[in-house]
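Chemist: To start, I am sharing the structure in question, which I have written as structure tokens.
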Amino acid sequence: MKELEERTGIGREAIRFYLREGMLPEPERPKKNVARYSEEHVQRLLAIKKLKEERFLPLAVIKSLLQTDAYRQMLARQPLAGIEHLLPAVVDGVAGAGDRTLAELAKSSGVDDVELEELARSGAIELRRDGSTSWVDFRDAAIVEQWARLRQVGFSAARGYRFDKLAAYAALLRDLAVDEVDDFVRSFADMEAGEAAEIAARGIEIVNELLALLHTRAVIEAVKARY
């Protein structure tokens, strides 16, 4: 324990707290009153310290990052290292709510299993597998619900509005997102990942609203041009 304190600069009471919280693995205990800590403990403690003191993240978020091994990348000396884990945490919180099984989503939305599978193959949504159960996360569930709403107002499969329409939107936005991420990394490479994630989250919200306005404007212009 003394060596662990010296190598990390973290006191034993804090270390014991992190152990109780499950943020550190239990040490090896070869005999009573003896605990052996590994390099894994050192790395995790350094990551906790860095995320608290340099990126001001709450313990709940840090704990979730430790569970995904993201802390290893966050200790690396590279621009915005770890932002791929921080950004979802900032946008969605520690965990997104509203994940749905495929059966639940098909029942609530009216979009059948076959089309949901087609949407997944097209890249519009992602199906997760857990044994024999398929499910989607809260964001993909919301995408399907909105697609169902579009069907309900009259954009039916019989009129040609099948999954490929939504897949086309998804493909366009993936290409746009790749360019956006490249620009963001170039522009904010000198910033800490935590601060950059906060800016990126606000940017996503604003750009989403901007895209909605631009889309409405473009559709109205296209209708006017056609008639």
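Letters A, B, ... go to the chains of the structure tokens in the order shown; residues in each chain start at 1; ligands are counted from 1 in the same order.
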Please return as an MDAnalysis selection string: the residues of chain A that backbone DSSP assigns to strand (DSSP E).
Modeler: chainID A and resid 100:101 128:130 133:136
Chemist: Emit the selected residues as a short mmCIF file (atom, residue, chain, number, x, y, z; two decimals), in the first residue's frame, including C-alpha atoms.
Modeler:
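What landed in selection35.cif:
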data_model
loop_
_atom_site.label_atom_id
_atom_site.label_comp_id
_atom_site.auth_asym_id
_atom_site.auth_seq_id
_atom_site.Cartn_x
_atom_site.Cartn_y
_atom_site.Cartn_z
CA ARG A 100 -35.57 -2.02 -26.41
CA THR A 101 -35.70 -5.62 -27.51
CA ARG A 128 -27.23 -5.97 -30.60
CA ARG A 129 -27.31 -9.66 -29.75
CA ASP A 130 -27.55 -11.14 -26.27
CA THR A 133 -32.45 -11.89 -27.84
CA SER A 134 -31.93 -9.00 -30.25
CA TRP A 135 -32.19 -5.42 -29.06
CA VAL A 136 -31.38 -1.83 -30.05
#
Chemist: Give me the residues within 12 Å of region 20-23 of chain A as a list of chain:residue names, counting only C-alpha atoms and dropping any in the same chain fewer than 2 places off.
Modeler: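 Selected residues are A:Glu13, A:Ala14, A:Ile15, A:Arg16, A:Phe17, A:Tyr18, A:Pro25, A:Glu26, A:Pro27, A:Glu40, A:His41, A:Gln43, A:Arg44, A:Leu45, A:Ala47, A:Ile48, A:Leu59, A:Ala60, A:Val61, A:Ile62, A:Lys63, A:Ser64, A:Leu65, A:Leu66, A:Gln67, A:Thr68, A:Asp69, A:Tyr71.
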Chemist: Store the residues picked out above, limited to C-alpha atoms, as a tab-separated table (two decimals), in the first residue's frame.
Modeler:
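Printed below is selection20.tsv as written:
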chain	number	residue	atom	x	y	z
A	13	GLU	CA	-8.03	6.06	2.39
A	14	ALA	CA	-8.89	7.15	-1.16
A	15	ILE	CA	-7.46	3.89	-2.51
A	16	ARG	CA	-9.62	1.89	-0.10
A	17	PHE	CA	-12.65	3.93	-1.17
A	18	TYR	CA	-12.00	3.13	-4.84
A	25	PRO	CA	-9.74	-4.91	-8.71
A	26	GLU	CA	-9.23	-6.66	-5.41
A	27	PRO	CA	-5.52	-7.17	-4.64
A	40	GLU	CA	-3.12	-2.61	-13.10
A	41	HIS	CA	-3.84	-0.84	-9.80
A	43	GLN	CA	-2.61	2.49	-14.04
A	44	ARG	CA	-6.21	2.69	-12.85
A	45	LEU	CA	-5.33	5.04	-10.00
A	47	ALA	CA	-6.32	7.34	-14.70
A	48	ILE	CA	-8.76	8.23	-11.89
A	59	LEU	CA	-16.85	9.55	-10.19
A	60	ALA	CA	-19.89	7.90	-11.80
A	61	VAL	CA	-18.58	8.72	-15.28
A	62	ILE	CA	-15.03	7.69	-14.35
A	63	LYS	CA	-16.33	4.37	-13.03
A	64	SER	CA	-18.17	3.70	-16.30
A	65	LEU	CA	-15.01	4.48	-18.30
A	66	LEU	CA	-12.95	2.12	-16.15
A	67	GLN	CA	-15.42	-0.65	-16.92
A	68	THR	CA	-14.73	-0.26	-20.66
A	69	ASP	CA	-10.92	-0.10	-20.42
A	71	TYR	CA	-8.75	4.70	-19.24
Chemist: So which residues of region 20-207 of chain A fall under helix (DSSP H, G or I) by DSSP, listed as a VMD selection string?
Modeler: chain A and resid 20 39 to 53 59 to 67 70 to 74 83 to 92 102 to 109 113 to 122 138 to 152 157 to 159 163 to 188 193 to 207
Chemist: Using only C-alpha atoms, what table do you get, as a tab-separated table, when you list each residue of region 92-126 of chain A with an atom no more than 10 Å from region 154-166 of chain A, its nearest pair of atoms, and their distance in Å rounded to one decimal, rows by chain then rising number?
Modeler:
residue	atom	partner	partner_atom	distance
A:Glu115	CA	A:Phe163	CA	6.8
A:Leu116	CA	A:Phe163	CA	8.5
A:Glu117	CA	A:Phe163	CA	9.9
A:Glu118	CA	A:Phe163	CA	6.9
A:Leu119	CA	A:Phe163	CA	6.0
A:Ala120	CA	A:Phe163	CA	9.7
A:Ser122	CA	A:Asp164	CA	7.5
A:Gly123	CA	A:Leu166	CA	9.5
A:Ala124	CA	A:Leu166	CA	6.6
A:Ile125	CA	A:Leu166	CA	9.7
Chemist: Quick one: write out the picked residues with N, CA and C atoms as a compact mmCIF listing (two decimals), in the first residue's frame?
Modeler:
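Result written to selection_8.txt:
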# COMPACT_ATOMS: atom_id res chain seq x y z
N GLU A 115 -38.32 -5.82 -41.59
CA GLU A 115 -37.82 -4.50 -41.95
C GLU A 115 -36.78 -4.01 -40.95
N LEU A 116 -36.94 -4.33 -39.68
CA LEU A 116 -35.93 -3.95 -38.69
C LEU A 116 -34.59 -4.60 -39.02
N GLU A 117 -34.63 -5.85 -39.43
CA GLU A 117 -33.40 -6.52 -39.85
C GLU A 117 -32.81 -5.84 -41.07
N GLU A 118 -33.66 -5.43 -42.01
CA GLU A 118 -33.19 -4.74 -43.21
C GLU A 118 -32.56 -3.39 -42.85
N LEU A 119 -33.19 -2.68 -41.90
CA LEU A 119 -32.63 -1.40 -41.46
C LEU A 119 -31.25 -1.59 -40.85
N ALA A 120 -31.09 -2.68 -40.11
CA ALA A 120 -29.80 -2.96 -39.49
C ALA A 120 -28.75 -3.28 -40.56
N SER A 122 -28.67 -2.24 -43.54
CA SER A 122 -28.37 -1.03 -44.32
C SER A 122 -27.50 -0.05 -43.54
N GLY A 123 -27.37 -0.26 -42.22
CA GLY A 123 -26.58 0.65 -41.40
C GLY A 123 -27.37 1.78 -40.77
N ALA A 124 -28.69 1.79 -40.98
CA ALA A 124 -29.51 2.86 -40.38
C ALA A 124 -29.61 2.69 -38.87
N ILE A 125 -29.65 1.44 -38.39
CA ILE A 125 -29.63 1.14 -36.97
C ILE A 125 -28.68 -0.03 -36.74
Chemist: Please, what distance in Å, to one decimal, runs between CA of Glu198 (chain A) and CA of Phe56 (chain A)?
Modeler: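 Pair CA of Glu198 (chain A) / CA of Phe56 (chain A) returns 11.4 Å.
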Chemist: For CA of Ala141 (chain A) and CA of Ser109 (chain A), quote the distance in Å rounded to one decimal.
Modeler: 9.2 Å
Chemist: I'd like to know which of A:Arg202, A:Ala212, A:Glu195, A:Ile10 is closest to Ala81 (chain A), using only C-alpha atoms.
Modeler: A:Glu195
Chemist: Using Å and a single decimal, report how far CA of Ala197 (chain A) sits from CA of Ile83 (chain A).
Modeler: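 Answer for the CA of Ile83 (chain A) to CA of Ala197 (chain A) separation: 6.1 Å.
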Chemist: Between A:Val90, A:Glu28, A:Glu54, A:Arg12, which is the closest to Glu205 (chain A) once you count only C-alpha atoms?
Modeler: A:Val90
Chemist: Do a neighbour search on Phe138 (chain A) at 12 Å with only C-alpha atoms, toss out local chain neighbours closer than 6 positions, and write the hits as a PyMOL selection string.
Modeler: chain A and resi 92+95-102+105+125-128+144-145
